Amino acid sequence: MDAMRAAGGDWKLQILGAAHDPEYEAEIRNFSTGIDVTFSGAFDDSDLPKIEADYAVLPSICEESYGLVMDEAQALGLPVIASDLPAYREHCQESSCAFFEAGDTAELTMMLLDRDGLAKLDRPSAPDLRSAEAAADQVLGHYAAGTSPSEWSPDDALERDRARMLFRRAERRLHAVLD
């Protein structure tokens with residue numbers, strides 16, 4: 001929000017997700033006075049395609065273990081402006097991301113002012129996303145039918161591997177929350 005104020009112009013910000021603490025939400029709402037900010041609150045995956053945005057901005061200062069928000073933005077075809085954190089670097093499609101030093105409002109402001117530079121960011125290619133539930137159901141169906149992974153078609157084996165990867169990712173995220 002500081003960068004938006006400093007950059008001026010016609011920037012609009014839509015904040016997705018509910019605040020974890022009512023006092024923090026009140027502080028953020030108060031801080032947003034005078035700039036065009038919409039608080040969307042809690043959402044689910046079906047709400048994401050309805051989002052109208054030119055960019056996803058990820059100004060995290062936390063050393064995150066996984067950039068799920070990065071993946072969601074790219075799946076929607078949004079170029080990303082993000083803090084330069086390892087998790088974001090690992091998951092970005094390079095030609096569609098611009099990075100600034102985490103916590104450096106002045107650098108983010110300069111990026112917002114450089115509309116020509118932002119216009120050069122590619123729209124990421126949206127992956128073919130099937131739900132984790134659909135992939136897991138397919139894998140479980142094979143096991144229920146009594147077939148072994150060696151008998152599965154190549155596409156089914158990929159689904160098995162994808163389901164395993166999604167489970168491991170969820171396990172890591174849960175572990176990070178519990179630590």
# chains A, B, ... in the order shown; residues from 1 in each chain; ligands from 1
call {"tool": "select_by_dssp", "arguments": {"residues": "segment 25-136 of chain A", "states": "helix (DSSP H, G or I)", "output": "short mmCIF file (atom, residue, chain, number, x, y, z; two decimals) with C-alpha atoms, in the first residue's frame"}}
result
data_model
loop_
_atom_site.label_atom_id
_atom_site.label_comp_id
_atom_site.auth_asym_id
_atom_site.auth_seq_id
_atom_site.Cartn_x
_atom_site.Cartn_y
_atom_site.Cartn_z
CA GLU A 25 -7.53 -6.64 9.69
CA ALA A 26 -8.71 -3.39 11.30
CA GLU A 27 -5.14 -2.04 11.13
CA ILE A 28 -4.83 -2.93 7.44
CA ARG A 29 -8.26 -1.47 6.59
CA ASN A 30 -7.31 1.74 8.40
CA PHE A 31 -3.95 1.84 6.60
CA ASP A 45 -10.73 -22.12 -5.92
CA SER A 46 -13.97 -21.48 -7.83
CA ASP A 47 -13.65 -17.74 -7.05
CA LEU A 48 -10.18 -17.41 -8.61
CA PRO A 49 -11.17 -17.40 -12.30
CA LYS A 50 -13.49 -14.44 -11.58
CA LEU A 68 1.39 -21.67 -3.40
CA VAL A 69 0.11 -18.16 -4.13
CA MET A 70 2.70 -17.94 -6.91
CA ASP A 71 1.32 -21.14 -8.46
CA GLU A 72 -2.27 -19.88 -8.19
CA ALA A 73 -1.39 -16.57 -9.86
CA GLN A 74 0.46 -18.30 -12.68
CA ALA A 75 -2.40 -20.78 -13.14
CA PRO A 86 13.79 -18.53 -2.65
CA ALA A 87 10.33 -20.15 -2.63
CA TYR A 88 9.04 -17.66 -5.20
CA ARG A 89 12.15 -18.04 -7.38
CA GLU A 90 11.75 -21.83 -7.35
CA HIS A 91 8.16 -21.72 -8.60
CA GLU A 94 10.92 -16.53 -15.19
CA SER A 95 9.65 -14.49 -18.13
CA SER A 96 6.43 -13.74 -16.26
CA THR A 105 8.99 -0.37 -0.67
CA ALA A 106 11.10 2.06 -2.74
CA GLU A 107 12.14 -0.70 -5.16
CA LEU A 108 8.54 -1.90 -5.50
CA THR A 109 7.44 1.70 -6.12
CA MET A 110 10.01 2.02 -8.92
CA MET A 111 8.69 -1.18 -10.47
CA LEU A 112 5.13 0.16 -10.38
CA LEU A 113 6.26 3.39 -11.99
CA ARG A 115 4.83 0.50 -16.66
CA ASP A 116 6.84 -0.23 -19.82
CA GLY A 117 8.97 -2.72 -17.89
CA LEU A 118 5.90 -4.38 -16.40
CA ALA A 119 4.29 -4.57 -19.84
CA ALA A 132 -5.81 -33.24 -6.33
CA GLU A 133 -9.02 -35.08 -5.45
CA ALA A 134 -9.56 -36.21 -9.06
CA ALA A 135 -5.98 -37.45 -9.34
CA ALA A 136 -6.23 -39.27 -6.01
#
call {"tool": "atom_distance", "arguments": {"atom1": "atom CA of Ser32 of chain A", "atom2": "atom CA of Glu63 of chain A"}}
result
24.9 Å
call {"tool": "atom_distance", "arguments": {"atom1": "atom CA of Glu52 of chain A", "atom2": "atom CA of Asp36 of chain A"}}
result
14.5 Å
call {"tool": "residues_around", "arguments": {"residues": "segment 16-23 of chain A", "least_positions_apart": "4", "cutoff": "8 Å", "atoms": "only C-alpha atoms", "output": "ChimeraX atom specification"}}
result
/A:27,39-43
call {"tool": "residues_around", "arguments": {"residues": "Ala98 of chain A", "least_positions_apart": "5", "cutoff": "9 Å", "atoms": "only C-alpha atoms", "output": "list of chain:residue names"}}
result
A:Pro79, A:Val80, A:Ile81, A:Ala82, A:Ser83, A:Asp84, A:Met111, A:Leu118, A:Leu121
call {"tool": "atom_distance", "arguments": {"atom1": "atom CA of Thr38 of chain A", "atom2": "atom CA of Pro124 of chain A"}}
result
24.6 Å
call {"tool": "residues_around", "arguments": {"residues": "Trp11 of chain A", "least_positions_apart": "3", "cutoff": "12 Å", "atoms": "only C-alpha atoms", "output": "list in words"}}
result
Met1, Asp2, Ala3, Met4, Arg5, Ala6, Ala7, Gly8, Gln14, Gly34, Ile35, Asp36, Val37, Thr38, Ala53, Asp54, Tyr55, Val57, Thr109, Leu112, Leu113 and Arg115 of chain A
